[in-house]
>>> print(open('query31.txt').read())   # compact mmCIF, C-alpha atoms
# COMPACT_ATOMS: atom_id res chain seq x y z
CA MET G 157 -84.84 -30.14 -22.09
CA ALA G 158 -84.11 -31.33 -25.62
CA ASN G 159 -83.63 -27.74 -26.76
CA LYS G 160 -81.06 -26.80 -24.16
CA PRO G 161 -78.31 -24.70 -25.78
CA ILE G 162 -74.83 -26.23 -26.04
CA HIS G 163 -73.38 -23.03 -24.58
CA PRO G 164 -75.78 -21.06 -22.33
CA TRP G 165 -75.96 -17.33 -23.00
CA PRO G 166 -73.90 -16.20 -19.96
CA LEU G 167 -71.01 -18.37 -21.15
CA ARG G 168 -71.25 -17.02 -24.71
CA LEU G 169 -71.35 -13.43 -23.50
CA MET G 170 -68.39 -13.93 -21.16
CA HIS G 171 -66.47 -15.77 -23.89
CA ALA G 172 -66.96 -12.85 -26.29
CA LEU G 173 -65.97 -10.25 -23.69
CA ASN G 174 -62.97 -12.34 -22.68
CA ALA G 175 -61.87 -12.69 -26.31
CA LEU G 176 -62.00 -8.90 -26.66
CA ALA G 177 -60.15 -8.34 -23.36
CA ILE G 178 -57.46 -10.92 -24.20
CA ILE G 179 -56.81 -9.43 -27.66
CA MET G 180 -56.54 -5.93 -26.18
CA MET G 181 -54.32 -7.05 -23.29
CA ILE G 182 -51.92 -9.05 -25.48
CA GLY G 183 -51.74 -6.40 -28.23
CA SER G 184 -51.09 -3.54 -25.81
CA GLY G 185 -48.81 -5.74 -23.68
CA TRP G 186 -46.59 -6.38 -26.71
CA GLN G 187 -46.29 -2.63 -27.32
CA ILE G 188 -45.34 -2.11 -23.64
CA TYR G 189 -42.78 -4.94 -23.91
CA ASP G 190 -41.18 -3.19 -26.90
CA SER G 191 -40.27 -0.12 -24.82
CA SER G 192 -37.98 -2.26 -22.64
CA PRO G 193 -37.59 -5.72 -24.22
CA LEU G 194 -36.70 -8.68 -21.99
CA PHE G 195 -35.17 -10.57 -24.92
CA THR G 196 -33.41 -9.71 -28.17
CA PHE G 197 -36.64 -9.52 -30.18
CA THR G 198 -39.45 -6.98 -30.27
CA PHE G 199 -43.01 -7.24 -31.56
CA PRO G 200 -43.62 -5.51 -34.92
CA ALA G 201 -45.73 -2.36 -34.52
CA THR G 202 -48.27 -3.70 -37.04
CA ILE G 203 -49.48 -6.34 -34.56
CA THR G 204 -49.39 -4.24 -31.39
CA ILE G 205 -52.19 -2.07 -29.99
CA GLY G 206 -51.58 1.59 -29.12
CA GLN G 207 -48.91 3.12 -31.29
CA TRP G 208 -46.72 4.38 -28.46
CA LEU G 209 -46.06 3.44 -24.84
CA GLY G 210 -48.52 5.94 -23.34
CA ALA G 211 -51.45 4.69 -25.42
CA ALA G 212 -50.49 1.04 -24.92
CA ILE G 213 -50.40 1.43 -21.12
CA ALA G 214 -53.72 3.29 -21.23
CA TRP G 215 -55.31 0.39 -23.13
CA HIS G 216 -53.66 -2.20 -20.89
CA LEU G 217 -54.82 -0.56 -17.65
CA ALA G 218 -58.32 0.11 -19.05
CA CYS G 219 -58.92 -3.39 -20.41
CA MET G 220 -57.52 -5.10 -17.31
CA TRP G 221 -60.81 -4.19 -15.61
CA LEU G 222 -62.81 -5.97 -18.30
CA LEU G 223 -60.53 -9.02 -18.09
CA VAL G 224 -60.64 -9.28 -14.29
CA LEU G 225 -64.33 -8.44 -13.75
CA ASN G 226 -65.37 -10.76 -16.57
CA GLY G 227 -63.06 -13.45 -15.16
CA LEU G 228 -64.63 -13.10 -11.71
CA CYS G 229 -68.12 -13.36 -13.26
CA TYR G 230 -66.99 -16.53 -15.02
CA VAL G 231 -65.67 -18.11 -11.81
CA GLY G 232 -68.85 -17.17 -9.94
CA TRP G 233 -71.14 -18.42 -12.71
CA SER G 234 -69.09 -21.57 -13.14
CA LEU G 235 -69.36 -22.45 -9.45
CA ALA G 236 -73.07 -21.56 -9.23
CA SER G 237 -74.13 -23.41 -12.39
CA GLY G 238 -71.94 -26.48 -11.93
CA HIS G 239 -70.12 -25.69 -15.20
CA TRP G 240 -66.82 -26.43 -13.44
CA ARG G 241 -67.72 -30.17 -13.36
CA LYS G 242 -67.08 -30.29 -17.12
CA PHE G 243 -63.35 -29.98 -16.33
CA LEU G 244 -63.40 -33.26 -14.34
CA PRO G 245 -62.17 -35.94 -14.25
CA LEU G 246 -58.70 -34.81 -15.24
CA THR G 247 -55.97 -37.43 -14.81
CA PRO G 248 -52.63 -37.85 -16.65
CA ARG G 249 -53.80 -41.28 -17.94
CA LEU G 250 -56.97 -39.82 -19.49
CA VAL G 251 -55.01 -36.94 -21.03
CA TRP G 252 -52.47 -39.40 -22.47
CA GLN G 253 -55.22 -41.58 -23.97
CA ASP G 254 -57.11 -38.68 -25.51
CA LEU G 255 -53.93 -36.98 -26.72
CA ASN G 256 -52.83 -40.16 -28.51
CA ALA G 257 -56.26 -40.52 -30.06
CA ALA G 258 -56.33 -36.86 -31.06
CA LEU G 259 -52.90 -37.01 -32.74
CA ARG G 260 -54.10 -40.01 -34.79
CA PHE G 261 -57.27 -38.05 -35.64
CA ARG G 262 -59.30 -40.73 -33.86
CA LEU G 263 -60.78 -38.49 -31.18
CA PRO G 264 -64.36 -37.68 -32.13
CA HIS G 265 -65.83 -34.32 -31.12
CA GLU G 266 -68.60 -34.94 -28.60
CA THR G 267 -70.93 -31.94 -28.55
CA GLY G 268 -71.06 -30.29 -25.14
CA VAL G 269 -68.46 -32.63 -23.60
CA TYR G 270 -64.81 -31.73 -23.05
CA ASN G 271 -62.30 -34.50 -23.74
CA ALA G 272 -59.32 -34.83 -21.39
CA VAL G 273 -56.98 -32.79 -23.64
CA GLN G 274 -59.53 -29.97 -23.78
CA ARG G 275 -59.94 -30.14 -19.99
CA LEU G 276 -56.18 -29.87 -19.52
CA LEU G 277 -55.94 -26.95 -21.96
CA TYR G 278 -58.86 -25.07 -20.40
CA VAL G 279 -57.66 -25.57 -16.83
CA GLY G 280 -54.14 -24.66 -17.96
CA VAL G 281 -55.18 -21.42 -19.65
CA LEU G 282 -57.29 -20.45 -16.62
CA LEU G 283 -54.23 -20.95 -14.39
CA ALA G 284 -52.10 -18.94 -16.84
CA GLY G 285 -54.73 -16.18 -16.61
CA LEU G 286 -54.48 -16.25 -12.82
CA VAL G 287 -50.68 -16.00 -12.99
CA LEU G 288 -51.00 -13.12 -15.49
CA VAL G 289 -53.30 -11.16 -13.17
CA ILE G 290 -51.18 -11.77 -10.06
CA SER G 291 -47.86 -10.92 -11.75
CA GLY G 292 -49.47 -7.99 -13.58
CA LEU G 293 -50.76 -6.48 -10.33
CA GLY G 294 -47.31 -7.07 -8.80
CA ILE G 295 -45.60 -5.18 -11.66
CA TRP G 296 -48.21 -2.39 -11.57
CA LYS G 297 -47.96 -1.91 -7.77
CA PRO G 298 -44.59 -3.22 -6.51
CA VAL G 299 -44.89 -0.99 -3.43
CA GLN G 300 -48.57 -1.10 -2.44
CA LEU G 301 -49.09 -4.73 -3.54
CA TRP G 302 -45.54 -5.79 -2.59
CA PHE G 303 -46.77 -9.24 -1.48
CA LEU G 304 -47.93 -10.04 -5.03
CA CYS G 305 -44.64 -8.74 -6.42
CA ASP G 306 -42.68 -10.85 -3.88
CA LEU G 307 -44.85 -13.87 -4.69
CA CYS G 308 -43.64 -13.58 -8.30
CA GLY G 309 -39.98 -13.28 -7.26
CA GLY G 310 -39.68 -9.47 -7.11
CA PHE G 311 -40.14 -6.78 -9.74
CA VAL G 312 -37.54 -7.99 -12.26
CA VAL G 313 -38.56 -11.67 -12.13
CA ALA G 314 -42.27 -10.78 -12.12
CA ARG G 315 -41.86 -9.24 -15.60
CA TYR G 316 -40.55 -12.61 -16.89
CA VAL G 317 -43.37 -14.47 -15.11
CA HIS G 318 -45.86 -12.11 -16.78
CA PHE G 319 -44.21 -12.64 -20.16
CA PHE G 320 -44.17 -16.46 -19.97
CA ALA G 321 -47.77 -16.61 -18.72
CA MET G 322 -48.71 -14.46 -21.76
CA SER G 323 -46.76 -16.89 -23.97
CA ALA G 324 -48.76 -19.78 -22.50
CA VAL G 325 -52.03 -18.00 -23.34
CA VAL G 326 -50.82 -17.30 -26.89
CA LEU G 327 -49.87 -20.98 -27.33
CA PHE G 328 -53.32 -21.93 -26.06
CA LEU G 329 -54.91 -19.55 -28.56
CA VAL G 330 -52.96 -21.11 -31.43
CA VAL G 331 -54.23 -24.60 -30.52
CA HIS G 332 -57.73 -23.28 -29.69
CA LEU G 333 -58.09 -21.54 -33.07
CA ALA G 334 -56.49 -24.44 -34.96
CA LEU G 335 -59.10 -26.76 -33.47
CA VAL G 336 -61.90 -24.39 -34.48
CA ILE G 337 -60.57 -24.45 -38.03
CA ALA G 338 -60.29 -28.26 -37.89
CA VAL G 339 -63.86 -28.64 -36.54
CA PRO G 340 -65.67 -25.50 -37.81
CA LYS G 341 -69.10 -26.69 -36.63
CA VAL G 342 -68.11 -25.74 -33.03
CA LEU G 343 -68.01 -22.04 -33.90
CA PRO G 344 -71.72 -21.15 -34.46
CA PRO G 345 -72.82 -22.61 -31.07
CA MET G 346 -70.27 -20.39 -29.30
CA ILE G 347 -71.94 -17.37 -30.95
CA PHE G 348 -75.61 -18.39 -31.22
CA GLY G 349 -75.86 -21.06 -28.53
CA GLY G 350 -76.72 -24.07 -30.69
CA ARG G 351 -78.98 -26.88 -29.56
CA ALA G 352 -77.72 -29.86 -27.60
CA PRO G 353 -78.69 -33.20 -29.20
CA MET P 20 -83.49 -14.34 -37.93
CA ILE P 21 -79.94 -15.62 -38.32
CA ARG P 22 -79.32 -12.97 -40.99
CA ARG P 23 -80.38 -10.15 -38.71
CA ARG P 24 -78.26 -11.55 -35.92
CA THR P 25 -75.27 -11.94 -38.20
CA LEU P 26 -75.62 -8.33 -39.30
CA LEU P 27 -75.92 -7.20 -35.68
CA TYR P 28 -72.78 -9.07 -34.65
CA ARG P 29 -70.88 -7.72 -37.64
CA ALA P 30 -71.95 -4.19 -36.74
CA MET P 31 -70.86 -4.76 -33.15
CA ALA P 32 -67.50 -6.14 -34.26
CA LEU P 33 -66.98 -3.12 -36.52
CA GLY P 34 -67.93 -0.77 -33.70
CA LEU P 35 -65.38 -2.43 -31.47
CA ILE P 36 -62.58 -2.52 -33.99
CA SER P 37 -62.92 0.89 -35.64
CA PRO P 38 -61.74 2.91 -32.59
CA LEU P 39 -58.66 0.66 -32.39
CA THR P 40 -57.26 1.98 -35.62
CA ALA P 41 -56.83 5.43 -34.08
CA CYS P 42 -56.24 4.45 -30.48
CA ASP P 43 -53.01 6.29 -29.94
CA PHE P 44 -53.58 9.60 -28.11
CA ASP P 45 -51.97 11.13 -31.22
CA ASP P 46 -53.66 14.50 -30.91
CA PRO P 47 -54.46 15.55 -27.33
CA MET P 48 -56.23 18.69 -28.60
CA HIS P 49 -58.72 16.64 -30.64
CA PRO P 50 -59.55 13.50 -28.67
CA ASP P 51 -61.53 10.90 -30.57
CA LEU P 52 -63.95 8.41 -28.99
CA ALA P 53 -61.17 6.00 -28.01
CA ASP P 54 -59.13 8.81 -26.44
CA LYS P 55 -62.13 9.89 -24.37
CA PHE P 56 -62.69 6.32 -23.20
CA LEU P 57 -59.01 5.93 -22.27
CA SER P 58 -58.98 9.29 -20.44
CA ALA P 59 -62.06 8.31 -18.43
CA MET P 60 -60.49 4.98 -17.50
CA SER P 61 -57.26 6.76 -16.55
CA ARG P 62 -59.20 9.07 -14.18
CA TRP P 63 -60.85 5.96 -12.71
CA ASN P 64 -57.41 4.36 -12.25
CA ASP P 65 -56.24 7.58 -10.51
CA MET P 66 -59.07 7.13 -7.98
CA VAL P 67 -58.31 3.44 -7.48
CA GLN P 68 -54.61 4.15 -6.92
CA ALA P 69 -55.37 6.97 -4.45
CA ALA P 70 -57.57 4.52 -2.51
CA LEU P 71 -54.88 1.83 -2.70
CA PHE P 72 -52.17 4.22 -1.49
CA ASN P 73 -51.19 3.43 2.08
CA PRO P 74 -49.19 6.30 3.63
CA HIS P 75 -47.46 3.81 5.93
CA THR P 76 -46.36 1.32 3.27
CA LEU P 77 -42.70 1.92 2.50
CA ALA P 78 -41.01 1.24 -0.84
CA PRO P 79 -38.44 -1.56 -0.43
CA SER P 80 -34.91 -0.55 0.55
CA PHE P 81 -31.81 -2.16 -0.91
CA ARG P 82 -28.23 -2.90 0.21
CA PRO P 83 -25.40 -0.63 -1.00
CA ASP P 84 -23.97 -3.46 -3.14
CA GLN P 85 -27.29 -3.65 -5.06
CA ILE P 86 -26.93 -0.07 -6.36
CA THR P 87 -26.99 0.07 -10.19
CA ARG P 88 -23.64 1.33 -11.52
CA PRO P 89 -23.44 3.40 -13.59
CA PRO P 90 -26.90 4.92 -13.04
CA ARG P 91 -29.20 4.85 -16.07
CA PHE P 92 -30.04 8.21 -17.68
CA ASN P 93 -33.51 8.87 -19.04
CA ALA P 94 -35.30 12.03 -20.22
CA PHE P 95 -37.27 13.27 -23.21
CA TYR P 96 -33.95 14.38 -24.73
CA ASP P 97 -30.41 13.03 -25.12
CA ILE P 98 -28.00 13.13 -22.16
CA SER P 99 -25.86 15.76 -23.96
CA GLN P 100 -28.80 18.18 -23.91
CA ALA P 101 -29.37 18.02 -20.15
CA PRO P 102 -29.63 21.52 -18.63
CA ILE P 103 -26.69 22.83 -16.63
CA VAL P 104 -27.87 24.91 -13.69
CA SER P 105 -25.43 26.99 -11.69
CA PRO P 106 -25.74 25.86 -8.04
CA ALA P 107 -24.64 29.29 -6.82
CA THR P 108 -27.44 31.25 -8.48
CA TRP P 109 -30.08 28.50 -8.43
CA ARG P 110 -33.17 29.21 -6.33
CA LEU P 111 -36.23 27.10 -5.62
CA ALA P 112 -39.22 29.38 -6.27
CA LEU P 113 -42.40 28.74 -4.27
CA SER P 114 -45.94 29.58 -5.31
CA GLY P 115 -49.58 28.78 -4.58
CA GLN P 116 -51.02 28.02 -1.14
CA ILE P 117 -47.77 28.60 0.76
CA ALA P 118 -47.46 31.11 3.63
CA ASP P 119 -43.72 31.89 3.22
CA LYS P 120 -42.95 32.12 -0.51
CA ARG P 121 -39.35 33.29 -0.03
CA PRO P 122 -37.17 31.39 -2.56
CA TRP P 123 -34.70 28.83 -1.19
CA GLY P 124 -31.00 28.54 -1.99
CA LEU P 125 -28.97 25.32 -2.01
CA ASP P 126 -27.07 26.05 1.22
CA GLU P 127 -30.28 26.71 3.12
CA LEU P 128 -31.74 23.39 1.96
CA LEU P 129 -28.53 21.54 2.85
CA ALA P 130 -28.75 23.05 6.36
CA LEU P 131 -32.11 21.29 6.95
CA PRO P 132 -32.18 17.70 8.31
CA GLN P 133 -31.25 15.26 5.52
CA GLU P 134 -32.81 11.83 4.84
CA SER P 135 -31.00 9.06 2.94
CA GLN P 136 -32.54 6.14 1.04
CA ILE P 137 -31.43 3.30 -1.21
CA THR P 138 -34.49 2.66 -3.33
CA GLN P 139 -35.56 1.48 -6.76
CA LEU P 140 -36.53 3.96 -9.46
CA THR P 141 -39.06 2.10 -11.61
CA CYS P 142 -39.44 3.44 -15.14
CA VAL P 143 -42.79 3.39 -16.90
CA GLU P 144 -40.92 1.56 -19.71
CA GLY P 145 -40.40 -1.45 -17.45
CA TRP P 146 -36.75 -1.22 -16.34
CA ARG P 147 -35.56 -0.22 -12.91
CA THR P 148 -32.43 1.28 -11.42
CA ILE P 149 -31.35 1.25 -7.77
CA GLY P 150 -29.69 4.35 -6.32
CA GLN P 151 -28.88 6.14 -3.11
CA TRP P 152 -30.38 9.59 -2.77
CA SER P 153 -30.48 11.94 0.19
CA GLY P 154 -32.14 15.27 0.81
CA VAL P 155 -34.91 17.07 2.64
CA ARG P 156 -38.15 15.27 3.43
CA LEU P 157 -40.81 17.02 1.36
CA SER P 158 -43.36 16.81 4.20
CA ALA P 159 -40.95 18.60 6.57
CA PHE P 160 -40.22 21.25 3.92
CA LEU P 161 -43.90 21.87 3.16
CA ARG P 162 -44.67 22.27 6.88
CA ARG P 163 -41.69 24.61 7.31
CA VAL P 164 -42.81 26.99 4.56
CA GLY P 165 -46.40 26.92 5.79
CA ALA P 166 -47.95 25.09 2.85
CA ASP P 167 -51.68 24.37 3.00
CA LEU P 168 -51.50 20.59 3.41
CA SER P 169 -55.21 20.27 2.63
CA CYS P 170 -54.52 21.23 -0.99
CA ARG P 171 -54.78 18.45 -3.56
CA TYR P 172 -51.62 18.90 -5.63
CA VAL P 173 -47.94 19.71 -5.42
CA GLY P 174 -46.60 20.83 -8.79
CA PHE P 175 -42.99 21.01 -10.02
CA GLN P 176 -41.35 23.03 -12.81
CA CYS P 177 -37.91 22.10 -14.12
CA ALA P 178 -35.00 23.93 -15.75
CA ASP P 179 -35.50 21.94 -18.99
CA GLY P 180 -39.20 22.82 -19.36
CA TYR P 181 -40.34 19.51 -17.88
CA TYR P 182 -43.18 19.68 -15.38
CA THR P 183 -45.22 17.25 -13.34
CA SER P 184 -47.44 17.08 -10.26
CA ILE P 185 -48.27 14.69 -7.45
CA ASP P 186 -51.12 14.20 -4.98
CA MET P 187 -50.72 15.65 -1.47
CA ALA P 188 -50.91 12.23 0.26
CA SER P 189 -47.92 10.98 -1.75
CA ALA P 190 -46.11 14.30 -1.18
CA LEU P 191 -46.36 13.73 2.59
CA HIS P 192 -45.08 10.11 2.38
CA PRO P 193 -41.93 9.71 4.54
CA GLN P 194 -39.82 8.52 1.56
CA THR P 195 -40.71 11.51 -0.63
CA ILE P 196 -37.64 13.79 -0.54
CA LEU P 197 -36.21 16.84 -2.28
CA ALA P 198 -33.01 15.01 -3.21
CA LEU P 199 -29.74 16.97 -3.21
CA THR P 200 -27.13 14.19 -3.35
CA PHE P 201 -26.63 10.88 -5.14
CA LEU P 202 -24.18 8.34 -3.65
CA GLY P 203 -23.17 10.98 -1.13
CA ALA P 204 -22.06 13.55 -3.75
CA PRO P 205 -24.06 16.53 -5.08
CA LEU P 206 -26.40 15.64 -7.97
CA THR P 207 -24.78 15.96 -11.40
CA PRO P 208 -26.47 17.84 -14.30
CA PRO P 209 -27.94 14.90 -16.26
CA PHE P 210 -29.27 13.34 -13.04
CA GLY P 211 -31.18 16.33 -11.75
CA ALA P 212 -28.69 18.86 -10.32
CA PRO P 213 -29.07 20.72 -8.13
CA LEU P 214 -32.39 19.36 -6.79
CA ARG P 215 -34.76 16.64 -7.92
CA LEU P 216 -37.84 15.07 -6.43
CA ARG P 217 -37.24 11.49 -5.34
CA ILE P 218 -40.52 9.66 -4.76
CA PRO P 219 -40.08 5.86 -4.72
CA THR P 220 -43.85 5.30 -4.38
CA LYS P 221 -44.32 6.57 -7.94
CA LEU P 222 -42.92 5.77 -11.40
CA GLY P 223 -39.70 7.40 -12.59
CA PHE P 224 -41.31 10.15 -14.68
CA LYS P 225 -42.96 11.46 -11.48
CA ASN P 226 -39.44 12.20 -10.16
CA PRO P 227 -38.72 15.58 -11.85
CA LYS P 228 -35.08 16.65 -12.21
CA SER P 229 -33.45 20.08 -11.90
CA VAL P 230 -36.53 21.49 -10.18
CA VAL P 231 -36.72 25.30 -10.19
CA ALA P 232 -40.24 25.91 -8.88
CA LEU P 233 -42.65 24.20 -6.51
CA SER P 234 -46.33 25.04 -6.13
CA VAL P 235 -49.10 23.91 -3.80
CA THR P 236 -52.49 24.16 -5.45
CA ASN P 237 -56.01 22.84 -5.90
CA HIS P 238 -55.87 23.45 -9.67
CA TYR P 239 -54.77 20.30 -11.51
CA PRO P 240 -51.26 21.13 -12.83
CA GLY P 241 -50.94 18.09 -15.16
CA GLY P 242 -47.53 17.13 -16.43
CA TYR P 243 -45.32 16.85 -19.51
CA TRP P 244 -46.09 13.16 -20.09
CA GLU P 245 -49.44 13.15 -18.29
CA ASP P 246 -50.83 15.73 -20.73
CA GLN P 247 -49.90 13.35 -23.58
CA GLY P 248 -51.67 10.35 -22.10
CA TYR P 249 -49.58 8.82 -19.30
CA ASN P 250 -51.61 8.03 -16.21
CA TRP P 251 -51.41 10.95 -13.77
CA PHE P 252 -51.22 9.12 -10.41
CA SER P 253 -48.73 6.49 -11.66
CA GLY P 254 -48.17 5.06 -8.20
CA SER P 255 -45.94 2.05 -7.60
>>> encode(input="query31.txt", output="structure tokens")
Amino acid sequence: MANKPIHPWPLRLMHALNALAIIMMIGSGWQIYDSSPLFTFTFPATITIGQWLGAAIAWHLACMWLLVLNGLCYVGWSLASGHWRKFLPLTPRLVWQDLNAALRFRLPHETGVYNAVQRLLYVGVLLAGLVLVISGLGIWKPVQLWFLCDLCGGFVVARYVHFFAMSAVVLFLVVHLALVIAVPKVLPPMIFGGRAP
Amino acid sequence: MIRRRTLLYRAMALGLISPLTACDFDDPMHPDLADKFLSAMSRWNDMVQAALFNPHTLAPSFRPDQITRPPRFNAFYDISQAPIVSPATWRLALSGQIADKRPWGLDELLALPQESQITQLTCVEGWRTIGQWSGVRLSAFLRRVGADLSCRYVGFQCADGYYTSIDMASALHPQTILALTFLGAPLTPPFGAPLRLRIPTKLGFKNPKSVVALSVTNHYPGGYWEDQGYNWFSGS
């Protein structure tokens, strides 16, 4: 199995679809936020998707299906293929060690292996995604899915939960993309598969 | 091989991004590819919401001290332009699949059994306001005038030109009322006088104000915002 790809094709496909869904959800979500801001700032129209509330909601509620169905495929595939084992072990001590090494630029990139900081970030962003879906469904259906809305602290609080979970995903994306720029050789395998050494 | 692949991916990326530049429902008469995709997804979401709708699930009720004061105004125009309807001459016109189409006056509606609720009006923009409305249960009214309850839609026309429509299942929900009072006093002009639909299982824009005509029909009546791209079902 010397020619096994670093990233098997289902993972690459789901990663691409997820990237598209995340961009659409965040861009349209920012436009929706602007119609009733939670804080004193709004997102400039140049970086939002859908130029008015109606279009933004239409994109948000269309792309949520891609996000959720693709996410479910990922969970199913991850469990079936054993991919989930790449996220373990994950202990605070390991994260601390790898984080210190990374900040001193002494953490080598091991092809096909996640270091502890990566594991923490990936598990963290998956949890943020789960919170986004639960709070989003609660905001969308505060009557029919009242239990999800209540779980997030009611309609008003659920909007903040949704916002902060989005912020966590955006922070992840900043680090994620910064690391791709720092180690550009990781990009082609995520598109073409690459070959594990 | 790589070159061909690269070109293919670039073409795919372009294909995905190009509709985004015009993805704004800016011209309902001339829908582009993105508009058609969004409309199809919106129809799909209508079906999902209809399936999700449980006629026995009630919208949460609130305590009197949780009522938002003063109530928040919202319409497609400024509060100063809200229509002023004379309660004495106002009539609710009935049309469509209704046996008794005789128009109704305010006193006749006030003589019917009244239902009161303290519920949250959730705006599509994301804010909410809590109020106390009371009026006639729409299901009781529709039965009284002999409406065909197997029809798909109940449509509403307003004094300000606004219009909207709801599905029959939501129309028959126990919390769906033809509201006549707010905080125990008759509705005031900017807040829907003399009659508005109050339907806490749907978003705020599905709660038409200053209603002058009601119809029961199988022909999709659309709505002011719905025809511009808002989701039609818009259930809560």
>>> closest_residue(input="query31.txt", among="P:Leu128, P:Ile117, P:Ile149, P:Val143", to="chain G", atoms="all atoms listed in the file")
P:Val143
>>> atom_distance(input="query31.txt", atom1="atom CA of Phe243 of chain G", atom2="atom CA of Val330 of chain G")
20.4 Å
>>> atom_distance(input="query31.txt", atom1="atom CA of Ala232 of chain P", atom2="atom CA of Ala214 of chain G")
29.1 Å
>>> closest_atom_pairs(input="query31.txt", of="segment 161-251 of chain G", to="segment 276-293 of chain G", cutoff="8 Å", atoms="only C-alpha atoms", output="CSV")
residue,atom,partner,partner_atom,distance
G:Val224,CA,G:Val289,CA,7.7
G:Phe243,CA,G:Val279,CA,7.2
G:Leu246,CA,G:Leu276,CA,7.0
G:Val251,CA,G:Leu276,CA,7.3
>>> interface_residues(input="query31.txt", of="chain G", to="chain P", cutoff="10 Å", atoms="all atoms listed in the file", output="MDAnalysis selection string")
chainID G and resid 176 180 188:194 205:219 221 294:302 311:312 315 347:348
>>> residues_around(input="query31.txt", residues="Ala175 of chain G", least_positions_apart="6", cutoff="10 Å", atoms="only C-alpha atoms", output="ChimeraX atom specification")
/G:169,181,223
>>> closest_residue(input="query31.txt", among="P:Ser99, P:Thr138, P:Asn237, P:Asn93", to="Phe210 of chain P", atoms="only C-alpha atoms")
P:Asn93
>>> closest_residue(input="query31.txt", among="G:Pro248, G:Gly268, G:Pro164, G:Gly310", to="Val342 of chain G", atoms="all atoms listed in the file")
G:Gly268
>>> atom_distance(input="query31.txt", atom1="atom CA of Trp233 of chain G", atom2="atom CA of Pro340 of chain G")
26.6 Å
>>> closest_residue(input="query31.txt", among="P:Tyr239, P:Trp152, P:Tyr172, P:Trp251", to="Leu216 of chain P", atoms="all atoms listed in the file")
P:Trp152
>>> closest_residue(input="query31.txt", among="P:Ala112, P:Leu125, P:Ala159, P:Ala69", to="Leu199 of chain P", atoms="only C-alpha atoms")
P:Leu125
>>> closest_residue(input="query31.txt", among="P:Pro132, P:Pro240, P:Pro50, P:Pro227", to="Pro209 of chain P", atoms="all atoms listed in the file")
P:Pro227
>>> residues_around(input="query31.txt", residues="His171 of chain G", least_positions_apart="5", cutoff="10 Å", atoms="all atoms listed in the file", output="list in words")
Trp165, Pro166, Leu176, Ala177, Asn226, Gly227, Tyr230, Met346 and Ile347 of chain G
>>> axis_aligned_box(input="query31.txt", around="segment 230-235 of chain P", padding_each_side="4 Å", output="lines of an AutoDock Vina configuration file")
center_x = -42.8
center_y = 23.7
center_z = -7.0
size_x = 20.6
size_y = 12.4
size_z = 14.4
>>> residues_around(input="query31.txt", residues="Thr87 of chain P", least_positions_apart="4", cutoff="8 Å", atoms="all atoms listed in the file", output="count of residues only")
4
